[in-house]
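Listing of input.cif, mmCIF, C-alpha atoms and all ligand atoms
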```
data_input
#
loop_
_atom_site.group_PDB
_atom_site.id
_atom_site.type_symbol
_atom_site.label_atom_id
_atom_site.label_comp_id
_atom_site.auth_asym_id
_atom_site.auth_seq_id
_atom_site.Cartn_x
_atom_site.Cartn_y
_atom_site.Cartn_z
ATOM 1 C CA MET A 92 -44.411 19.096 88.549
ATOM 2 C CA ALA A 93 -46.360 18.326 91.704
ATOM 3 C CA VAL A 94 -45.083 19.236 95.164
ATOM 4 C CA PHE A 95 -46.548 17.612 98.280
ATOM 5 C CA ILE A 96 -45.944 17.371 102.003
ATOM 6 C CA ASP A 97 -47.262 14.002 103.188
ATOM 7 C CA SER A 98 -48.574 13.033 106.630
ATOM 8 C CA SER A 99 -45.074 11.773 107.575
ATOM 9 C CA ASP A 100 -43.728 15.308 107.008
ATOM 10 C CA ARG A 101 -41.867 14.244 103.866
ATOM 11 C CA LEU A 102 -41.497 16.622 100.951
ATOM 12 C CA LEU A 103 -42.360 14.921 97.657
ATOM 13 C CA GLN A 104 -41.173 16.991 94.747
ATOM 14 C CA ASP A 105 -41.033 15.692 91.166
ATOM 15 C CA GLN A 106 -38.414 18.217 90.149
ATOM 16 C CA ALA A 107 -36.226 17.695 93.247
ATOM 17 C CA GLN A 108 -33.371 16.185 91.205
ATOM 18 C CA SER A 109 -33.225 19.089 88.791
ATOM 19 C CA LEU A 110 -34.158 21.923 91.142
ATOM 20 C CA ALA A 111 -31.554 24.633 90.603
ATOM 21 C CA LEU A 112 -31.337 28.394 90.877
ATOM 22 C CA THR A 113 -28.763 31.161 91.150
ATOM 23 C CA CYS A 114 -27.698 31.185 94.784
ATOM 24 C CA PRO A 115 -28.002 34.672 96.366
ATOM 25 C CA HIS A 116 -24.893 33.971 98.455
ATOM 26 C CA CYS A 117 -22.315 32.404 96.107
ATOM 27 C CA LEU A 118 -24.018 33.498 92.847
ATOM 28 C CA VAL A 119 -23.463 30.031 91.369
ATOM 29 C CA PHE A 120 -26.334 28.419 89.450
ATOM 30 C CA ALA A 121 -26.566 25.392 91.723
ATOM 31 C CA HIS A 122 -28.787 22.505 92.685
ATOM 32 C CA ILE A 123 -30.624 23.015 95.983
ATOM 33 C CA THR A 124 -31.676 20.369 98.504
ATOM 34 C CA ALA A 125 -34.627 20.663 100.879
ATOM 35 C CA LEU A 126 -33.494 20.958 104.517
ATOM 36 C CA ALA A 127 -36.456 22.090 106.589
ATOM 37 C CA VAL A 128 -40.109 21.353 105.805
ATOM 38 C CA PRO A 129 -43.030 22.547 107.982
ATOM 39 C CA ARG A 130 -44.813 19.770 109.871
ATOM 40 C CA PHE A 131 -47.926 18.286 108.297
ATOM 41 C CA ALA A 132 -49.932 18.261 111.573
ATOM 42 C CA GLU A 133 -49.228 21.885 112.313
ATOM 43 C CA LEU A 134 -50.027 23.022 108.763
ATOM 44 C CA SER A 135 -53.303 21.081 108.828
ATOM 45 C CA VAL A 136 -54.379 22.931 111.983
ATOM 46 C CA HIS A 137 -53.489 26.478 110.893
ATOM 47 C CA ARG A 138 -53.921 26.001 107.126
ATOM 48 C CA PRO A 139 -51.830 28.986 106.004
ATOM 49 C CA ARG A 140 -52.207 30.059 102.388
ATOM 50 C CA GLN A 141 -48.450 30.301 101.915
ATOM 51 C CA ILE A 142 -45.647 28.382 103.570
ATOM 52 C CA GLY A 143 -41.856 28.662 103.725
ATOM 53 C CA LEU A 144 -39.303 25.940 103.044
ATOM 54 C CA VAL A 145 -35.585 26.065 103.670
ATOM 55 C CA TYR A 146 -33.180 24.568 101.147
ATOM 56 C CA ARG A 147 -29.414 24.226 101.116
ATOM 57 C CA CYS A 148 -27.251 25.470 98.246
ATOM 58 C CA ASP A 149 -25.219 22.442 97.118
ATOM 59 C CA SER A 150 -22.427 24.769 96.063
ATOM 60 C CA CYS A 151 -21.831 26.836 99.232
ATOM 61 C CA ASN A 152 -24.140 25.204 101.830
ATOM 62 C CA SER A 153 -25.916 28.496 102.576
ATOM 63 C CA PRO A 154 -29.625 28.401 103.393
ATOM 64 C CA ILE A 155 -32.051 29.298 100.599
ATOM 65 C CA PHE A 156 -35.542 30.386 101.646
ATOM 66 C CA LEU A 157 -38.418 29.686 99.269
ATOM 67 C CA ARG A 158 -42.098 30.530 99.663
ATOM 68 C CA PHE A 159 -44.789 28.267 98.190
ATOM 69 C CA THR A 160 -48.518 28.791 97.818
ATOM 70 C CA VAL A 161 -50.676 25.929 99.151
ATOM 71 C CA ARG A 162 -53.073 24.528 96.568
ATOM 72 C CA ASP A 163 -54.945 22.054 98.664
ATOM 73 C CA TYR A 164 -55.108 20.666 102.197
ATOM 74 C CA GLY A 165 -55.879 16.936 101.848
ATOM 75 C CA ALA A 166 -56.382 14.350 104.575
ATOM 76 C CA GLN A 167 -53.138 12.546 103.633
ATOM 77 C CA ARG A 168 -51.075 15.216 101.944
ATOM 78 C CA ILE A 169 -50.824 18.929 101.340
ATOM 79 C CA GLU A 170 -50.366 20.040 97.755
ATOM 80 C CA LEU A 171 -48.165 23.038 97.012
ATOM 81 C CA SER A 172 -47.930 25.075 93.854
ATOM 82 C CA SER A 173 -44.884 24.120 91.752
ATOM 83 C CA GLN A 174 -44.043 27.826 91.428
ATOM 84 C CA PHE A 175 -42.189 29.413 94.308
ATOM 85 C CA THR A 176 -40.894 32.817 95.338
ATOM 86 C CA GLU A 177 -37.234 33.311 96.145
ATOM 87 C CA ILE A 178 -37.075 35.340 99.351
ATOM 88 C CA GLU A 179 -33.504 36.467 98.782
ATOM 89 C CA ARG A 180 -32.454 37.253 95.239
ATOM 90 C CA PRO A 181 -28.892 37.436 93.938
ATOM 91 C CA ARG A 182 -27.519 40.956 94.079
ATOM 92 C CA GLU A 183 -26.405 42.444 90.806
ATOM 93 C CA LYS A 184 -22.767 43.494 90.764
ATOM 94 C CA PHE A 185 -21.108 46.390 89.027
ATOM 95 C CA SER A 186 -17.723 48.050 89.430
ATOM 96 C CA PHE A 187 -18.620 51.536 90.682
ATOM 97 C CA ASN A 188 -15.019 52.757 91.058
ATOM 98 C CA TYR A 189 -14.991 55.262 88.238
ATOM 99 C CA LEU A 190 -18.579 56.510 88.379
ATOM 100 C CA PRO A 191 -19.332 60.075 89.559
ATOM 101 C CA GLU A 192 -21.025 60.056 92.955
ATOM 102 C CA THR A 193 -24.512 61.016 91.765
ATOM 103 C CA VAL A 194 -24.498 58.419 89.005
ATOM 104 C CA GLU A 195 -23.244 55.798 91.430
ATOM 105 C CA THR A 196 -25.982 56.563 93.992
ATOM 106 C CA LEU A 197 -28.731 56.351 91.383
ATOM 107 C CA PHE A 198 -27.456 53.217 89.663
ATOM 108 C CA ARG A 199 -26.892 51.433 92.984
ATOM 109 C CA GLU A 200 -30.563 52.007 93.810
ATOM 110 C CA ALA A 201 -31.516 50.841 90.319
ATOM 111 C CA LEU A 202 -29.677 47.557 90.966
ATOM 112 C CA VAL A 203 -31.395 47.137 94.353
ATOM 113 C CA CYS A 204 -34.760 47.468 92.570
ATOM 114 C CA TYR A 205 -33.674 44.912 89.960
ATOM 115 C CA SER A 206 -32.474 42.432 92.587
ATOM 116 C CA HIS A 207 -35.851 42.637 94.293
ATOM 117 C CA GLY A 208 -37.700 42.001 91.055
ATOM 118 C CA ALA A 209 -39.129 45.554 91.048
ATOM 119 C CA PHE A 210 -38.503 45.861 87.320
ATOM 120 C CA ASN A 211 -40.466 49.044 86.707
ATOM 121 C CA ALA A 212 -38.881 50.820 89.650
ATOM 122 C CA PHE A 213 -35.599 49.657 88.100
ATOM 123 C CA CYS A 214 -36.668 51.119 84.764
ATOM 124 C CA SER A 215 -37.447 54.515 86.347
ATOM 125 C CA MET A 216 -34.108 54.551 88.160
ATOM 126 C CA CYS A 217 -32.297 53.747 84.903
ATOM 127 C CA ARG A 218 -33.806 56.843 83.344
ATOM 128 C CA ARG A 219 -32.774 58.967 86.356
ATOM 129 C CA THR A 220 -29.271 57.502 86.202
ATOM 130 C CA MET A 221 -28.905 58.313 82.524
ATOM 131 C CA GLN A 222 -30.291 61.825 82.992
ATOM 132 C CA ALA A 223 -27.542 62.426 85.545
ATOM 133 C CA VAL A 224 -25.012 61.032 83.051
ATOM 134 C CA PHE A 225 -26.251 63.299 80.249
ATOM 135 C CA ASP A 226 -26.218 66.329 82.575
ATOM 136 C CA MET A 227 -22.543 65.676 83.177
ATOM 137 C CA LEU A 228 -21.407 64.588 79.723
ATOM 138 C CA GLY A 229 -23.404 67.177 77.794
ATOM 139 C CA GLU A 230 -24.945 66.885 74.358
ATOM 140 C CA SER A 231 -21.844 65.408 72.701
ATOM 141 C CA GLY A 232 -21.620 62.716 75.377
ATOM 142 C CA LYS A 233 -25.290 61.933 74.894
ATOM 143 C CA LEU A 234 -24.806 61.528 71.142
ATOM 144 C CA ARG A 235 -21.803 59.276 71.715
ATOM 145 C CA LEU A 236 -23.865 57.050 74.005
ATOM 146 C CA PHE A 237 -26.662 56.944 71.461
ATOM 147 C CA ASP A 238 -24.193 55.709 68.832
ATOM 148 C CA GLN A 239 -23.106 53.101 71.294
ATOM 149 C CA LEU A 240 -26.651 51.917 71.872
ATOM 150 C CA THR A 241 -27.068 51.558 68.112
ATOM 151 C CA GLU A 242 -23.843 49.577 67.987
ATOM 152 C CA LEU A 243 -25.120 47.345 70.800
ATOM 153 C CA ARG A 244 -28.327 46.746 68.872
ATOM 154 C CA ASP A 245 -26.330 45.448 65.905
ATOM 155 C CA MET A 246 -23.922 43.407 68.004
ATOM 156 C CA ALA A 247 -26.528 41.775 70.230
ATOM 157 C CA GLN A 248 -29.173 41.599 67.470
ATOM 158 C CA ILE A 249 -31.746 43.422 69.566
ATOM 159 C CA ASP A 250 -35.152 43.405 67.835
ATOM 160 C CA THR A 251 -36.880 46.619 66.753
ATOM 161 C CA ALA A 252 -39.506 46.687 69.519
ATOM 162 C CA SER A 253 -36.962 46.076 72.283
ATOM 163 C CA PHE A 254 -34.653 48.706 70.833
ATOM 164 C CA ALA A 255 -37.483 51.251 70.731
ATOM 165 C CA SER A 256 -38.280 50.511 74.348
ATOM 166 C CA LEU A 257 -34.625 50.820 75.431
ATOM 167 C CA LYS A 258 -34.337 54.106 73.548
ATOM 168 C CA ARG A 259 -37.443 55.437 75.279
ATOM 169 C CA VAL A 260 -36.191 54.512 78.748
ATOM 170 C CA ILE A 261 -32.634 55.719 78.303
ATOM 171 C CA PHE A 262 -32.973 58.724 76.012
ATOM 172 C CA GLY A 263 -36.555 59.753 76.732
ATOM 173 C CA SER A 264 -37.495 62.444 79.204
ATOM 174 C CA ASP A 265 -40.299 62.747 81.748
ATOM 175 C CA ALA A 266 -41.317 65.921 79.896
ATOM 176 C CA ASP A 267 -41.843 64.062 76.595
ATOM 177 C CA PRO A 268 -45.426 64.058 75.315
ATOM 178 C CA GLY A 269 -47.135 60.714 74.725
ATOM 179 C CA PRO A 270 -46.835 57.522 76.727
ATOM 180 C CA GLY A 271 -44.362 57.592 79.584
ATOM 181 C CA LEU A 272 -41.952 54.829 80.479
ATOM 182 C CA PRO A 273 -42.806 51.405 79.064
ATOM 183 C CA VAL A 274 -43.944 48.640 81.446
ATOM 184 C CA LEU A 275 -41.194 46.013 81.519
ATOM 185 C CA ASP A 276 -41.287 42.287 82.230
ATOM 186 C CA ASP A 277 -38.274 40.422 83.618
ATOM 187 C CA ASP A 278 -36.752 39.638 80.195
ATOM 188 C CA GLN A 279 -36.964 43.244 79.053
ATOM 189 C CA ALA A 280 -35.561 44.424 82.387
ATOM 190 C CA GLY A 281 -32.687 41.943 81.992
ATOM 191 C CA LEU A 282 -31.877 43.416 78.590
ATOM 192 C CA LEU A 283 -32.059 46.958 79.971
ATOM 193 C CA LEU A 284 -29.701 45.915 82.772
ATOM 194 C CA GLU A 285 -27.063 44.620 80.344
ATOM 195 C CA VAL A 286 -27.351 47.710 78.152
ATOM 196 C CA MET A 287 -27.056 50.065 81.156
ATOM 197 C CA LYS A 288 -23.956 48.260 82.409
ATOM 198 C CA ASP A 289 -22.366 48.512 78.987
ATOM 199 C CA LEU A 290 -23.186 52.209 78.523
ATOM 200 C CA LEU A 291 -21.855 53.119 81.978
ATOM 201 C CA TYR A 292 -18.803 50.962 81.407
ATOM 202 C CA GLN A 293 -18.050 52.757 78.160
ATOM 203 C CA ALA A 294 -18.798 56.203 79.573
ATOM 204 C CA TYR A 295 -16.753 55.919 82.773
ATOM 205 C CA VAL A 296 -15.152 52.607 83.701
ATOM 206 C CA ARG A 297 -13.225 52.015 80.489
ATOM 207 C CA LYS A 298 -11.880 55.565 80.432
ATOM 208 C CA GLY A 299 -11.033 55.459 84.160
ATOM 209 C CA ARG A 300 -9.125 52.185 83.829
ATOM 210 C CA LEU A 301 -7.258 53.401 80.772
ATOM 211 C CA GLN A 302 -6.257 56.651 82.494
ATOM 212 C CA GLN A 303 -5.092 54.740 85.544
ATOM 213 C CA ALA A 304 -3.060 52.358 83.396
ATOM 214 C CA MET A 305 -1.437 55.365 81.689
ATOM 215 C CA VAL A 306 -0.503 56.911 85.047
ATOM 216 C CA VAL A 307 1.127 53.643 86.144
ATOM 217 C CA ARG A 308 2.957 53.334 82.825
ATOM 218 C CA ARG A 309 4.237 56.909 83.039
ATOM 219 C CA PHE A 310 5.412 56.287 86.592
ATOM 220 C CA PHE A 311 7.518 53.284 85.557
ATOM 221 C CA SER A 312 8.775 55.082 82.498
ATOM 222 C CA GLU A 313 9.952 58.091 84.549
ATOM 223 C CA GLN A 314 11.444 55.826 87.170
ATOM 224 C CA GLY A 315 13.393 54.080 84.397
ATOM 225 C CA GLU A 316 14.730 57.442 83.244
ATOM 226 C CA ARG A 317 15.806 58.388 86.772
ATOM 227 C CA ASP A 318 17.589 55.063 87.134
ATOM 228 C CA GLY A 319 19.966 56.022 84.443
ATOM 229 C CA SER A 320 19.814 54.989 80.882
ATOM 230 C CA HIS A 321 18.588 58.383 79.586
ATOM 231 C CA SER A 322 20.256 61.766 79.500
ATOM 232 C CA PRO A 323 18.563 64.642 81.385
ATOM 233 C CA ASP A 324 17.941 66.267 77.991
ATOM 234 C CA ALA A 325 15.354 63.651 77.093
ATOM 235 C CA ALA A 326 11.853 65.025 76.574
ATOM 236 C CA PRO A 327 10.160 65.351 80.003
ATOM 237 C CA SER A 328 6.839 63.952 78.923
ATOM 238 C CA ARG A 329 7.230 60.865 76.840
ATOM 239 C CA PRO A 330 4.644 59.760 74.337
ATOM 240 C CA THR A 331 2.472 56.978 75.709
ATOM 241 C CA GLU A 332 3.023 54.360 73.047
ATOM 242 C CA PRO A 333 2.937 50.747 74.279
ATOM 243 C CA GLN A 334 6.137 50.048 76.131
ATOM 244 C CA SER A 335 6.615 47.472 78.841
ATOM 245 C CA PRO A 336 8.607 48.153 82.000
ATOM 246 C CA ARG A 337 12.199 46.975 81.600
ATOM 247 C CA ALA A 338 12.909 43.500 82.788
ATOM 248 C CA THR A 339 16.389 44.260 84.129
HETATM 249 ZN ZN ZN B 1 -24.471 29.090 97.175
#
```
Reformat the file's structure so that it appears as structure tokens.
Ligand SMILES: [Zn+2]
Amino acid sequence: MAVFIDSSDRLLQDQAQSLALTCPHCLVFAHITALAVPRFAELSVHRPRQIGLVYRCDSCNSPIFLRFTVRDYGAQRIELSSQFTEIERPREKFSFNYLPETVETLFREALVCYSHGAFNAFCSMCRRTMQAVFDMLGESGKLRLFDQLTELRDMAQIDTASFASLKRVIFGSDADPGPGLPVLDDDQAGLLLEVMKDLLYQAYVRKGRLQQAMVVRRFFSEQGERDGSHSPDAAPSRPTEPQSPRAT
């Protein structure tokens, strides 16, 4: 997994053929190709500890900036660490349409933290987001969401330790005695992210979409009545059983 820049300014990278990541621009997991490599002569003079390379996303052609740590400055080649840092990370997406403003503000910031790899800042913002949710939905809403988390555990086969940690982040409070928020690594933060999206979806998005669909359905139904086939004596508010708009 060695990476070198040789004295002819060529980048020699064992993993070049299989080098792929999620592009921050098109969000496709794509192969990337090196485009711009710092010059050997210049690096040898200044000997920076870290250097930047520019790649091209093979899917959308956008530039991808990666930072490498230099391991060794040799007479013929410069060795770089095989690990690199992505300067721009893909932004996490979520449909905020049906979220109350406070919840939206807090969860947007949570996603910014996640996208920047600040997983513990993300964790703290998840707790703040859920506290705002519970404030609005009350105790019954909180219990409903807890049932949902339990359901998620069974569906996604979340292990006991991870479930305990999720429960502590989402349902714990800053006033609780004992250890505060758990320290999360990227895998645990990824799990928390999926759980948060699902809980918020169930609490707001699903309901919002359903209500909107009902409004549209009622509109077509009432329009159908006005267009003729029903007598004015028909019940003004029709039950909302499944019924497709008439084709004629
Ligand atoms: Zn791309």
Next item on the list: Could you state which residues are captured by the PyMOL selection byres (((chain A and resi 159-176) around 9) and not hetatm) in this file, as a PyMOL selection string?
Entry: chain A and resi 92-100+104+106+131+134-135+138-144+156-158+177-179
Notebook entry, point to check: Which of these residues is nearest to ligand ZN 1 (chain B), using all atoms listed in the file: A:Val119, A:Val306, A:Met216, A:Leu102?
Noted result: A:Val119
Write as an mmCIF file with C-alpha atoms, in the frame of the given file the residues around ligand ZN 1 (chain B), taking 8 Å as the cut-off and counting all atoms listed in the file.
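Result saved to result_15.cif:
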```cif
data_model
loop_
_atom_site.group_PDB
_atom_site.id
_atom_site.type_symbol
_atom_site.label_atom_id
_atom_site.label_comp_id
_atom_site.auth_asym_id
_atom_site.auth_seq_id
_atom_site.Cartn_x
_atom_site.Cartn_y
_atom_site.Cartn_z
ATOM 1 C CA THR A 113 -28.763 31.161 91.150
ATOM 2 C CA CYS A 114 -27.698 31.185 94.784
ATOM 3 C CA PRO A 115 -28.002 34.672 96.366
ATOM 4 C CA HIS A 116 -24.893 33.971 98.455
ATOM 5 C CA CYS A 117 -22.315 32.404 96.107
ATOM 6 C CA LEU A 118 -24.018 33.498 92.847
ATOM 7 C CA VAL A 119 -23.463 30.031 91.369
ATOM 8 C CA PHE A 120 -26.334 28.419 89.450
ATOM 9 C CA ALA A 121 -26.566 25.392 91.723
ATOM 10 C CA ARG A 147 -29.414 24.226 101.116
ATOM 11 C CA CYS A 148 -27.251 25.470 98.246
ATOM 12 C CA ASP A 149 -25.219 22.442 97.118
ATOM 13 C CA SER A 150 -22.427 24.769 96.063
ATOM 14 C CA CYS A 151 -21.831 26.836 99.232
ATOM 15 C CA ASN A 152 -24.140 25.204 101.830
ATOM 16 C CA SER A 153 -25.916 28.496 102.576
#
```
Margin query: What's the separation between CA of Gly271 in chain A and CA of Ser253 in chain A, in Å to one decimal place?
Written below: 15.5 Å
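CA of Leu240 in chain A to CA of Pro181 in chain A spans 26.5 Å [interatomic distance, one decimal].
Each of A:Ala209, A:Ala127, A:Ala255, A:Leu236 was compared to Tyr292 in chain A using only C-alpha atoms, and A:Leu236 turns out to be the nearest.
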